[in-house]
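To start, the structure under review is shown below, and the notes come after it.
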Amino acid sequence: MDLPKLFTGMGLYVLVHTMLWFSINTQFIKSEWRDKSIFLSLGLAIPISVSVYYAARFTYEALGESAWGVRFIGFGMSYMIFPVLTWWLLEESMFTPKIITCIMLSLMIVLIQIFWK
């Protein structure tokens, strides 16, 4: 396993899912951006696409050319970002048994992809 490529891919997935969160959820934040959220979504579309392209490429190469691995890493990383940003910016609790269980399952999915040979 190529750890530098894996960490680069995972870092890009963090960036992708952060941009996606803002692209989708800015419309729900009580701020001056609320009415302009569609423009933020449009402006982030190309950076998100390019970032996810390279995240998939690096992760695919790092995991021994496994498309399933890419999918599960991308999904798992999304669930590491979404709860934190939703808790912080939308003030919706991530500390419920259901959400904590989902976060733990997502973490397990990522760890299985990395460590299961």
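Each chain in the structure tokens gets a letter, A, B, ..., in the order shown, and its residues are numbered from 1; ligands are numbered from 1 in order too.
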
### Task
Give me the residues within 7 Å of stretch 101-110 of chain A as an MDAnalysis selection string, counting only C-alpha atoms and dropping any in the same chain fewer than 5 places off.
chainID A and resid 72:73 76 79:80

Could those selected residues go to a file with N, CA and C atoms, as a CSV table (one decimal), in the first residue's frame?
```
chain,number,residue,atom,x,y,z
A,72,PHE,N,-15.6,3.1,-0.8
A,72,PHE,CA,-15.8,3.0,0.7
A,72,PHE,C,-15.0,4.1,1.4
A,73,ILE,N,-13.8,4.4,1.0
A,73,ILE,CA,-13.0,5.4,1.6
A,73,ILE,C,-13.8,6.8,1.4
A,76,GLY,N,-16.8,6.8,3.7
A,76,GLY,CA,-16.4,6.9,5.1
A,76,GLY,C,-15.9,8.3,5.5
A,79,TYR,N,-18.6,10.8,6.1
A,79,TYR,CA,-19.3,10.8,7.4
A,79,TYR,C,-18.4,11.2,8.5
A,80,MET,N,-17.1,11.5,8.2
A,80,MET,CA,-16.3,12.1,9.2
A,80,MET,C,-16.4,13.6,9.2
```

### Task
Write down as a PyMOL selection string the residues belonging to stretch 18-110 of chain A that are assigned alpha helix (DSSP H) by DSSP computed on the backbone.
chain A and resi 18-25+37-62+67-89+97-110

### Task
List the neighbours of stretch 43-57 of chain A out to 10 Å using only C-alpha atoms; skip same-chain residues closer than 6 positions along the sequence, and give me the result as a VMD selection string.
chain A and resid 5 to 20 22 to 23 37 65 67 69 to 71 73 to 74

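All residues of protein, DNA or RNA that reach within 10 Å of A:Leu85, judged by only C-alpha atoms and not counting those fewer than 2 positions away in the chain, are A:Thr18, A:Trp21, A:Phe22, A:Asn25, A:Met80, A:Ile81, A:Phe82, A:Pro83, A:Trp87, A:Trp88, A:Leu89, A:Leu90, A:Glu91, A:Glu92, A:Met94.
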
### Message
Quick check, in Å to one decimal: how far apart do atom CA of A:Lys30 and atom CA of A:Lys98 lie?
### Response
26.1 Å
